[in-house]
Each structure stands twice: as C-alpha cells, then as structure tokens.
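One file, data-v7.csv, carrying CSV, C-alpha atoms:
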chain,number,residue,atom,x,y,z
A,1,MET,CA,0.0,0.0,0.0
A,2,SER,CA,1.3,3.4,-0.9
A,3,LYS,CA,1.1,6.5,1.2
A,4,GLU,CA,-1.5,8.0,-1.1
A,5,GLN,CA,-3.7,4.9,-0.7
A,6,PHE,CA,-3.2,4.9,3.0
A,7,LEU,CA,-4.2,8.5,3.5
A,8,GLN,CA,-7.1,8.2,1.1
A,9,GLU,CA,-8.5,5.3,3.0
A,10,LEU,CA,-7.9,7.1,6.3
A,11,GLU,CA,-9.7,10.2,4.9
A,12,ARG,CA,-12.7,8.2,3.8
A,13,GLN,CA,-13.2,6.6,7.2
A,14,LEU,CA,-12.4,9.7,9.3
A,15,LYS,CA,-14.8,12.0,7.4
A,16,VAL,CA,-17.3,11.5,10.2
A,17,LEU,CA,-15.0,13.5,12.6
A,18,GLY,CA,-15.5,16.6,10.5
A,19,GLU,CA,-13.2,18.2,7.9
A,20,SER,CA,-10.7,20.0,10.1
A,21,GLU,CA,-10.3,17.1,12.5
A,22,CYS,CA,-9.8,14.7,9.7
A,23,GLU,CA,-7.3,17.0,8.1
A,24,ARG,CA,-5.3,17.1,11.3
A,25,TYR,CA,-5.0,13.3,11.4
A,26,LEU,CA,-4.0,13.1,7.8
A,27,ASP,CA,-1.3,15.7,8.3
A,28,TYR,CA,-0.1,13.8,11.3
A,29,TYR,CA,0.2,10.5,9.5
A,30,ASP,CA,1.6,12.1,6.4
A,31,GLU,CA,4.4,13.7,8.5
A,32,MET,CA,5.0,10.4,10.3
A,33,ILE,CA,5.4,8.4,7.1
A,34,GLU,CA,7.7,11.1,5.7
A,35,ASP,CA,9.8,11.0,8.8
A,36,TYR,CA,10.1,7.2,8.6
A,37,LYS,CA,11.2,7.5,5.0
A,38,GLU,CA,13.8,10.1,6.0
A,39,ASN,CA,15.1,7.7,8.6
A,40,GLY,CA,15.8,5.0,6.0
A,41,PHE,CA,12.5,3.1,5.9
A,42,PHE,CA,10.7,2.3,2.6
A,43,GLU,CA,7.2,3.8,2.3
A,44,GLU,CA,5.6,0.3,2.5
A,45,GLU,CA,7.7,-0.5,5.6
A,46,ALA,CA,6.6,2.7,7.3
A,47,ILE,CA,3.0,2.0,6.6
A,48,LEU,CA,3.3,-1.6,7.9
A,49,LYS,CA,4.8,-0.2,11.1
A,50,ILE,CA,1.9,2.2,11.6
A,51,GLY,CA,-0.7,-0.3,10.8
A,52,THR,CA,-3.6,-0.8,8.4
A,53,PRO,CA,-6.0,2.2,8.0
A,54,LYS,CA,-8.7,0.1,9.7
A,55,GLU,CA,-6.5,-0.4,12.8
A,56,VAL,CA,-5.6,3.2,12.9
A,57,VAL,CA,-9.2,4.3,12.5
A,58,GLN,CA,-10.2,2.0,15.3
A,59,VAL,CA,-7.7,3.5,17.7
A,60,ILE,CA,-8.7,7.0,16.7
A,61,LEU,CA,-12.4,6.5,17.0
A,62,GLY,CA,-11.9,4.6,20.3
A,63,GLU,CA,-10.2,7.7,21.7
A,64,GLN,CA,-13.0,10.1,20.7
A,65,ASP,CA,-14.9,11.5,23.7
A,66,THR,CA,-17.9,12.2,21.5
A,67,ILE,CA,-18.8,11.0,18.1
A,68,GLU,CA,-20.5,13.4,15.9
A,69,LEU,CA,-22.8,11.8,13.4
A,70,LYS,CA,-23.2,13.6,10.2
A,71,VAL,CA,-25.9,12.0,8.0
A,72,ARG,CA,-26.4,13.5,4.6
A,73,SER,CA,-28.9,12.5,2.0
A,74,THR,CA,-26.4,13.2,-0.8
A,75,GLY,CA,-22.6,13.6,-0.8
A,76,SER,CA,-22.2,17.3,-1.3
A,77,LYS,CA,-23.9,20.5,-0.2
A,78,VAL,CA,-23.9,21.9,-3.8
A,79,ILE,CA,-25.9,18.9,-5.1
A,80,ASN,CA,-28.3,19.3,-2.2
A,81,ILE,CA,-29.0,22.9,-3.0
A,82,LEU,CA,-29.2,22.2,-6.8
A,83,LEU,CA,-31.7,19.4,-6.2
A,84,LEU,CA,-33.7,21.7,-3.9
A,85,VAL,CA,-33.9,24.4,-6.6
A,86,LEU,CA,-34.6,22.0,-9.5
A,87,GLY,CA,-37.3,20.2,-7.5
A,88,PHE,CA,-39.1,23.4,-6.6
A,89,PRO,CA,-42.0,23.0,-9.1
A,90,LEU,CA,-42.7,19.6,-7.5
A,91,TRP,CA,-42.2,20.2,-3.8
A,92,GLY,CA,-43.4,23.8,-4.1
A,93,SER,CA,-46.9,22.9,-5.3
A,94,LEU,CA,-47.0,19.9,-2.8
A,95,LEU,CA,-46.1,22.3,0.0
A,96,LEU,CA,-48.8,24.7,-1.1
A,97,ALA,CA,-51.4,21.9,-1.2
A,98,LEU,CA,-50.3,20.8,2.3
A,99,ILE,CA,-50.6,24.4,3.6
A,100,CYS,CA,-54.1,24.6,2.0
A,101,CYS,CA,-55.1,21.3,3.6
A,102,ILE,CA,-54.0,22.5,7.0
A,103,ALA,CA,-55.8,25.8,6.6
A,104,SER,CA,-59.0,24.0,5.5
A,105,VAL,CA,-58.8,21.9,8.7
A,106,TYR,CA,-58.6,25.1,10.8
A,107,ILE,CA,-61.4,26.7,8.8
A,108,ALA,CA,-63.6,23.6,9.1
A,109,ILE,CA,-63.1,23.4,12.9
A,110,MET,CA,-63.8,27.1,13.3
A,111,SER,CA,-66.9,27.1,11.1
A,112,VAL,CA,-69.0,25.2,13.7
A,113,PRO,CA,-68.8,27.9,16.5
A,114,PHE,CA,-69.0,30.6,13.8
A,115,THR,CA,-72.4,29.2,12.6
A,116,THR,CA,-73.9,29.0,16.1
A,117,GLY,CA,-72.4,32.5,16.8
A,118,VAL,CA,-74.2,33.9,13.8
A,119,VAL,CA,-77.4,32.2,14.7
A,120,ALA,CA,-77.1,33.8,18.2
A,121,VAL,CA,-76.5,37.3,16.9
A,122,SER,CA,-79.1,37.2,14.2
A,123,SER,CA,-81.8,35.9,16.5
A,124,LEU,CA,-81.0,38.6,19.0
A,125,LEU,CA,-81.3,41.1,16.3
A,126,VAL,CA,-84.7,39.7,15.1
A,127,SER,CA,-86.0,39.7,18.7
A,128,VAL,CA,-85.0,43.3,19.3
A,129,VAL,CA,-86.5,44.5,16.1
A,130,GLY,CA,-89.6,42.4,16.6
A,131,ILE,CA,-90.3,43.5,20.1
A,132,VAL,CA,-89.5,47.1,19.5
A,133,GLY,CA,-91.6,47.1,16.3
A,134,THR,CA,-94.6,45.5,18.0
A,135,PRO,CA,-96.3,48.8,19.2
A,136,PHE,CA,-96.0,50.3,15.7
A,137,VAL,CA,-97.7,47.2,14.2
A,138,ILE,CA,-100.5,47.4,16.8
A,139,ALA,CA,-100.8,51.2,16.2
A,140,ASN,CA,-101.3,50.4,12.5
A,141,GLY,CA,-104.4,48.6,13.5
A,142,SER,CA,-103.4,44.9,13.3
A,143,LEU,CA,-103.6,43.6,16.9
A,144,ALA,CA,-103.2,39.9,15.9
A,145,MET,CA,-100.2,40.5,13.8
A,146,GLY,CA,-98.6,42.6,16.6
A,147,ILE,CA,-99.0,39.9,19.2
A,148,THR,CA,-97.6,37.3,16.8
A,149,GLN,CA,-94.6,39.4,16.1
A,150,PHE,CA,-94.1,40.0,19.9
A,151,GLY,CA,-94.3,36.2,20.5
A,152,ILE,CA,-91.8,35.5,17.7
A,153,GLY,CA,-89.5,38.2,19.2
A,154,ILE,CA,-89.6,36.5,22.7
A,155,CYS,CA,-88.9,33.1,21.0
A,156,CYS,CA,-85.9,34.6,19.2
A,157,ILE,CA,-84.5,35.8,22.6
A,158,GLY,CA,-84.6,32.2,23.7
A,159,ILE,CA,-82.9,31.0,20.6
A,160,ALA,CA,-80.3,33.7,20.9
A,161,ILE,CA,-79.5,32.7,24.5
A,162,LEU,CA,-79.4,29.0,23.7
A,163,SER,CA,-77.2,29.4,20.7
A,164,ALA,CA,-74.9,31.8,22.6
A,165,ILE,CA,-74.4,29.1,25.3
A,166,ALA,CA,-73.8,26.5,22.6
A,167,THR,CA,-71.3,28.8,20.9
A,168,TRP,CA,-69.4,29.3,24.2
A,169,ILE,CA,-69.2,25.5,24.9
A,170,ILE,CA,-68.3,24.6,21.3
A,171,LEU,CA,-65.7,27.4,21.2
A,172,LYS,CA,-64.0,26.0,24.3
A,173,VAL,CA,-63.8,22.5,22.7
A,174,VAL,CA,-62.6,23.9,19.4
A,175,VAL,CA,-59.8,25.9,21.0
A,176,LYS,CA,-58.7,22.8,22.8
A,177,LEU,CA,-58.8,20.8,19.6
A,178,THR,CA,-56.9,23.5,17.7
A,179,ILE,CA,-54.2,23.6,20.2
A,180,ARG,CA,-53.8,19.9,20.1
A,181,PHE,CA,-53.8,19.8,16.3
A,182,THR,CA,-51.2,22.6,16.2
A,183,LYS,CA,-49.0,20.8,18.7
A,184,TRP,CA,-49.2,17.6,16.6
A,185,LEU,CA,-48.3,19.6,13.5
A,186,ILE,CA,-45.3,21.1,15.2
A,187,SER,CA,-44.2,17.7,16.5
A,188,LEU,CA,-44.1,16.5,12.9
A,189,PHE,CA,-41.4,19.1,12.1
A,190,ARG,CA,-39.4,18.8,15.3
A,191,ARG,CA,-35.9,17.5,14.7
A,192,LYS,CA,-35.4,13.9,15.6
A,193,VAL,CA,-32.4,13.6,17.9
A,194,VAL,CA,-30.3,10.5,17.9
A,195,ARG,CA,-28.2,9.8,21.0
A,196,VAL,CA,-25.4,7.4,20.7
B,1,MET,CA,1.2,-3.2,32.1
B,2,ASP,CA,-2.4,-2.2,33.1
B,3,ILE,CA,-4.0,-0.3,30.3
B,4,GLN,CA,-5.3,2.5,32.5
B,5,LEU,CA,-2.1,2.9,34.3
B,6,LYS,CA,-0.1,2.9,31.1
B,7,LYS,CA,-2.5,5.5,29.6
B,8,GLY,CA,-1.9,7.8,32.5
B,9,LEU,CA,1.9,7.3,32.4
B,10,LEU,CA,2.1,7.8,28.7
B,11,GLU,CA,0.8,11.3,29.0
B,12,PHE,CA,3.6,12.3,31.3
B,13,CYS,CA,6.2,10.5,29.2
B,14,VAL,CA,5.2,12.5,26.1
B,15,LEU,CA,5.1,15.7,28.2
B,16,ALA,CA,8.6,14.9,29.6
B,17,ALA,CA,9.9,14.2,26.1
B,18,ILE,CA,8.6,17.6,24.9
B,19,LYS,CA,10.0,19.3,28.0
B,20,LYS,CA,13.5,18.1,27.2
B,21,ARG,CA,13.3,19.8,23.8
B,22,ASP,CA,10.7,20.9,21.3
B,23,SER,CA,9.9,17.8,19.4
B,24,TYR,CA,7.7,16.3,16.6
B,25,GLY,CA,5.7,13.1,16.3
B,26,TYR,CA,8.4,10.8,15.0
B,27,GLN,CA,11.0,12.1,17.4
B,28,ILE,CA,8.8,11.8,20.4
B,29,ILE,CA,8.0,8.1,19.7
B,30,LYS,CA,11.7,7.4,19.2
B,31,ASP,CA,12.6,9.2,22.5
B,32,ILE,CA,10.2,7.5,24.7
B,33,SER,CA,9.9,4.0,23.1
B,34,GLY,CA,13.0,3.0,25.0
B,35,CYS,CA,11.1,3.5,28.2
B,36,ILE,CA,7.5,2.7,27.4
B,37,ASP,CA,5.8,1.1,24.4
B,38,ILE,CA,4.0,3.6,22.2
B,39,SER,CA,2.5,3.4,18.7
B,40,GLU,CA,1.9,6.2,16.2
B,41,SER,CA,-1.8,5.8,16.6
B,42,THR,CA,-1.7,6.2,20.4
B,43,LEU,CA,0.5,9.2,20.4
B,44,TYR,CA,-1.7,11.6,18.5
B,45,PRO,CA,-4.7,11.3,20.9
B,46,ILE,CA,-2.3,12.0,23.8
B,47,LEU,CA,-0.9,15.1,22.0
B,48,LYS,CA,-4.5,16.2,21.3
B,49,ARG,CA,-5.4,15.9,24.9
B,50,LEU,CA,-2.2,17.8,26.0
B,51,MET,CA,-3.0,20.6,23.5
B,52,ALA,CA,-6.6,20.8,24.7
B,53,LYS,CA,-5.4,21.2,28.3
B,54,GLU,CA,-2.9,23.8,27.0
B,55,TYR,CA,0.1,21.8,28.4
B,56,VAL,CA,1.7,22.0,25.0
B,57,GLU,CA,1.5,24.3,22.0
B,58,THR,CA,2.4,23.8,18.4
B,59,TYR,CA,4.3,25.6,15.6
B,60,SER,CA,5.3,24.5,12.2
B,61,VAL,CA,8.8,24.4,10.8
B,62,GLU,CA,9.7,23.9,7.2
B,63,HIS,CA,11.8,20.8,6.7
B,64,ASN,CA,12.8,19.3,3.4
B,65,SER,CA,10.2,21.4,1.6
B,66,ARG,CA,7.4,20.1,3.8
B,67,LEU,CA,5.9,21.3,7.1
B,68,ARG,CA,6.8,19.6,10.3
B,69,LYS,CA,4.6,20.2,13.4
B,70,TYR,CA,6.6,20.8,16.5
B,71,TYR,CA,5.3,20.6,20.0
B,72,ARG,CA,6.5,23.0,22.8
B,73,ILE,CA,5.7,22.7,26.5
B,74,THR,CA,3.9,25.5,28.2
B,75,PRO,CA,4.5,26.7,31.8
B,76,GLU,CA,1.2,24.9,32.7
B,77,GLY,CA,2.7,21.7,31.2
B,78,VAL,CA,5.8,22.0,33.4
B,79,LYS,CA,3.7,22.5,36.4
B,80,HIS,CA,1.6,19.5,35.5
B,81,ILE,CA,4.8,17.3,35.5
B,82,ASP,CA,5.9,18.8,38.9
B,83,VAL,CA,2.5,18.0,40.4
B,84,PHE,CA,2.8,14.4,39.0
B,85,LEU,CA,6.2,14.0,40.6
B,86,GLU,CA,5.1,15.3,43.9
B,87,GLU,CA,2.1,13.0,43.9
B,88,TRP,CA,4.2,10.1,43.0
B,89,SER,CA,5.4,9.8,46.6
B,90,GLN,CA,1.9,8.9,47.5
B,91,VAL,CA,1.9,6.3,44.8
B,92,MET,CA,5.1,4.9,46.2
B,93,ALA,CA,3.5,4.7,49.7
B,94,VAL,CA,0.7,2.6,48.1
B,95,TYR,CA,3.3,0.5,46.3
B,96,ASP,CA,5.2,-0.2,49.5
B,97,TYR,CA,1.9,-1.1,51.3
B,98,ILE,CA,1.0,-3.5,48.5
B,99,LYS,CA,4.5,-5.0,48.5
B,100,GLY,CA,4.6,-5.3,52.2
B,101,GLY,CA,1.2,-7.0,52.3
B,102,LYS,CA,2.5,-9.6,50.0
B,103,LYS,CA,5.6,-10.2,52.1
B,104,ASP,CA,3.4,-10.9,55.1
B,105,GLU,CA,1.6,-13.7,53.4
Here is a file; write its structure as structure tokens.
Amino acid sequence: MSKEQFLQELERQLKVLGESECERYLDYYDEMIEDYKENGFFEEEAILKIGTPKEVVQVILGEQDTIELKVRSTGSKVINILLLVLGFPLWGSLLLALICCIASVYIAIMSVPFTTGVVAVSSLLVSVVGIVGTPFVIANGSLAMGITQFGIGICCIGIAILSAIATWIILKVVVKLTIRFTKWLISLFRRKVVRV
Amino acid sequence: MDIQLKKGLLEFCVLAAIKKRDSYGYQIIKDISGCIDISESTLYPILKRLMAKEYVETYSVEHNSRLRKYYRITPEGVKHIDVFLEEWSQVMAVYDYIKGGKKDE
C-alpha cells in the first residue's frame, strides 16, 4: 500500500469526525510516514509499522470522547442545493397543497362555532327588532299581527340565549382541539435527535 | 502493564519528552519508546489531549520542503509534571503497602 492509498483510505473513514479534525489526522500520519522514510524506511515498511488504515481508525475512534454523526442524503452541499432548486415545481406545489389542507382543517373546525355564533347574533337582532316594532304594528291597527310578532320576538331571545351558550361551549372545545392539532403539527417538524 | 495505568503514564512520558526539547511526532516516539511502548496511533490522541489542556502548544517548521509540526511545553505543562512527581510519593506509599502486604503472606 502506498502513502496516497493509506491516506485516502484514512480520509474516507475519518470524514465522520469533520473536515478540520480529519485534516489534522491526515497531516499527522503524512508527516509520520515522511519521517520514517527520511530515517531509512521504505514507504511500505513505514505504513506496515503504523498499521492498516482500519486499525488506525479503530484507535482514533476509540479515543474520541464524543462521536458526531453527520448523516447527509447526498454527498455534497452543492448537489443538495441544486436538487432543492430544480425540484421546486414539484415540492413547491406539494407544499402549497399541504398548507391549504392544514388551513382548511382550521377553517372547518372554526366554522362550527362561527355558525352558532351567527345564529345567536341574528336571532338577538330579530327579537330586538320584533319586540321594539310591536307597538308600531298594533298602532297600525293589526292587533293579531302585533301579538304574533311579539311572540316571535320572545322566541328569538330564547334561541339567541341557547345558541350563545352553545357557541361558548363549542368554542372551548374547538380551542382545545386547535391547540392539540397545532402541537401535533409542530411535532411532525421537530428534529429527531439520535443519541449514541 | 495495566491499560489505564499505562495510559496515564504515557501522557507524562510524552510531556517529559517535549519538556527536554521541542519535538515532533516521530522524534517523540523514538525518544520514549526506549522506556515505554507507544505506537503512532496512540501518540496523537495524547498530543491532542495535551493541547486541549494547554500543556503543549504547536508551531510548524519547514523541513525538506514540507511542514513539520513541533510541540513545545507551556508553563502549565511544566507545572503538570511537577504535580505528578510530587504526587508520586503517595503512589510509592501505596506501592510499599501492597508489596509489604505480599511479604506478610
């Protein structure tokens, strides 16, 4: 095995330690082999004395206090960025669709208390207008119609109160649901940490 | 020799070799291999530890158109050796005790 081969093999296996750390080891073994050669050893002899790359790596990794794991989907950063840019039409539209889906879930959940809320407000409005308008209808000469309108107005107060209570209860449930859904959504994106 | 004991002693051997004169990897191994067994792969982690604790510092010297990394001891490094030598009397007391205990058997 030549020095080049030895160092290349070492570099391949020590990459996990990070570039600068790996570089320091390579410099060290490069210097060591050169010093052996200067002291009358052949390159092959020097490498035999130092050991196989596998043995050397075992000693080095055994001495590490902490091992940093660097897992990459592809080999280089440039390729990663390039793929990201080229793939935008695909993942961009998918991301948009996902955001729309999430938004529709929020809207669907909120639509329930919104509906009951609208019912409450409108029935309150109807009852106020109905009751306040009753004397005018009676003054116009139609007693039966006035009483009917008054009755409907009273009914609408009841509906308004009931739907307001329903809105309040549903709103509480919905807020709870929304918080849980959001937490679940965040947990999907939280980084997975691997401890060795 | 016991691995842990050797590991501890090696650190001081390397430090002592650098204390005698500024030295580089190959020279350190040559200097101390007469006294204790050391390989190229075990030396570097020791040097790294010594550097991390700032007991040694490094500088590069051009040699035959390549760079050679030299190690120089710092005042902290010298103090570290002194502390070790002082503590060794305690180790000797333990040694005597162990040896004496054997004699009594």
Practice prompt. Select residues of chain B: the criterion is any atom within 10 Å of an atom of chain A, counting all atoms listed in the file; output as a PyMOL selection string.
Written response: chain B and resi 24-27+39-42+44-46+64+66-69
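Rounded to one decimal, atom CA of Leu14 of chain A and atom CA of Glu54 of chain B lie 24.5 Å from each other.
Across A:Ala97, A:Ile138, A:Met1, A:Ile161, the tightest approach to Phe42 of chain A is made by A:Met1 when counting all atoms listed in the file.
Computed from the coordinates, the atom CA of Ala164 of chain A to atom CA of Gly117 of chain A distance equals 6.4 Å.
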Taking (14.2, 9.4, 25.9) as a centre in this file's frame and 10 Å as the limit, can you find every polymer residue with an atom that close, using all atoms listed in the file, and give them as an mmCIF file with C-alpha atoms, in the coordinates of the input?
data_model
loop_
_atom_site.group_PDB
_atom_site.id
_atom_site.type_symbol
_atom_site.label_atom_id
_atom_site.label_comp_id
_atom_site.auth_asym_id
_atom_site.auth_seq_id
_atom_site.Cartn_x
_atom_site.Cartn_y
_atom_site.Cartn_z
ATOM 1 C CA CYS B 13 6.200 10.500 29.200
ATOM 2 C CA VAL B 14 5.200 12.500 26.100
ATOM 3 C CA ALA B 16 8.600 14.900 29.600
ATOM 4 C CA ALA B 17 9.900 14.200 26.100
ATOM 5 C CA ILE B 18 8.600 17.600 24.900
ATOM 6 C CA LYS B 20 13.500 18.100 27.200
ATOM 7 C CA GLN B 27 11.000 12.100 17.400
ATOM 8 C CA ILE B 28 8.800 11.800 20.400
ATOM 9 C CA ILE B 29 8.000 8.100 19.700
ATOM 10 C CA LYS B 30 11.700 7.400 19.200
ATOM 11 C CA ASP B 31 12.600 9.200 22.500
ATOM 12 C CA ILE B 32 10.200 7.500 24.700
ATOM 13 C CA SER B 33 9.900 4.000 23.100
ATOM 14 C CA GLY B 34 13.000 3.000 25.000
ATOM 15 C CA CYS B 35 11.100 3.500 28.200
ATOM 16 C CA ILE B 36 7.500 2.700 27.400
#
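Pairwise distance (atom CA of Ala108 of chain A, atom CA of Leu124 of chain A) equals 25.0 Å.
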Just want the 12 Å neighbourhood of Ser163 of chain A, counted on only C-alpha atoms, with same-chain residues fewer than 2 positions away dropped. Output as an mmCIF file with C-alpha atoms, keeping the file's coordinate frame.
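Output (selection23.cif):
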data_model
loop_
_atom_site.group_PDB
_atom_site.id
_atom_site.type_symbol
_atom_site.label_atom_id
_atom_site.label_comp_id
_atom_site.auth_asym_id
_atom_site.auth_seq_id
_atom_site.Cartn_x
_atom_site.Cartn_y
_atom_site.Cartn_z
ATOM 1 C CA VAL A 112 -69.000 25.200 13.700
ATOM 2 C CA PRO A 113 -68.800 27.900 16.500
ATOM 3 C CA PHE A 114 -69.000 30.600 13.800
ATOM 4 C CA THR A 115 -72.400 29.200 12.600
ATOM 5 C CA THR A 116 -73.900 29.000 16.100
ATOM 6 C CA GLY A 117 -72.400 32.500 16.800
ATOM 7 C CA VAL A 118 -74.200 33.900 13.800
ATOM 8 C CA VAL A 119 -77.400 32.200 14.700
ATOM 9 C CA ALA A 120 -77.100 33.800 18.200
ATOM 10 C CA VAL A 121 -76.500 37.300 16.900
ATOM 11 C CA SER A 122 -79.100 37.200 14.200
ATOM 12 C CA SER A 123 -81.800 35.900 16.500
ATOM 13 C CA LEU A 124 -81.000 38.600 19.000
ATOM 14 C CA CYS A 156 -85.900 34.600 19.200
ATOM 15 C CA ILE A 157 -84.500 35.800 22.600
ATOM 16 C CA GLY A 158 -84.600 32.200 23.700
ATOM 17 C CA ILE A 159 -82.900 31.000 20.600
ATOM 18 C CA ALA A 160 -80.300 33.700 20.900
ATOM 19 C CA ILE A 161 -79.500 32.700 24.500
ATOM 20 C CA ILE A 165 -74.400 29.100 25.300
ATOM 21 C CA ALA A 166 -73.800 26.500 22.600
ATOM 22 C CA THR A 167 -71.300 28.800 20.900
ATOM 23 C CA TRP A 168 -69.400 29.300 24.200
ATOM 24 C CA ILE A 169 -69.200 25.500 24.900
ATOM 25 C CA ILE A 170 -68.300 24.600 21.300
ATOM 26 C CA LEU A 171 -65.700 27.400 21.200
#
Practice prompt. Tell me which protein, DNA and RNA residues are within 10 Å of Leu47 of chain B, counting all atoms listed in the file, leaving out same-chain ones fewer than 5 positions away, and put them as a list in words.
Written response: Glu11, Val14, Leu15, Gly25, Thr42, Ala52, Lys53, Tyr55, Val56, Glu57, Thr58 and Tyr71 of chain B
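Of the residues under consideration (B:Val61, B:Leu50, B:Ile81, B:Leu9), B:Leu9 shows the shortest atom-to-atom contact distance to Asp37 of chain B when counting all atoms listed in the file.
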Fill in: All residues 6 Å or closer to Phe150 of chain A, only C-alpha atoms, same chain fewer than 3 positions away omitted, as number ranges by chain
A: 131, 134, 147, 153
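Closest approach to Phe84 of chain B among B:Gly8, B:Gly100, B:His63, B:Lys48 is made by B:Gly8 (distances from all atoms listed in the file).
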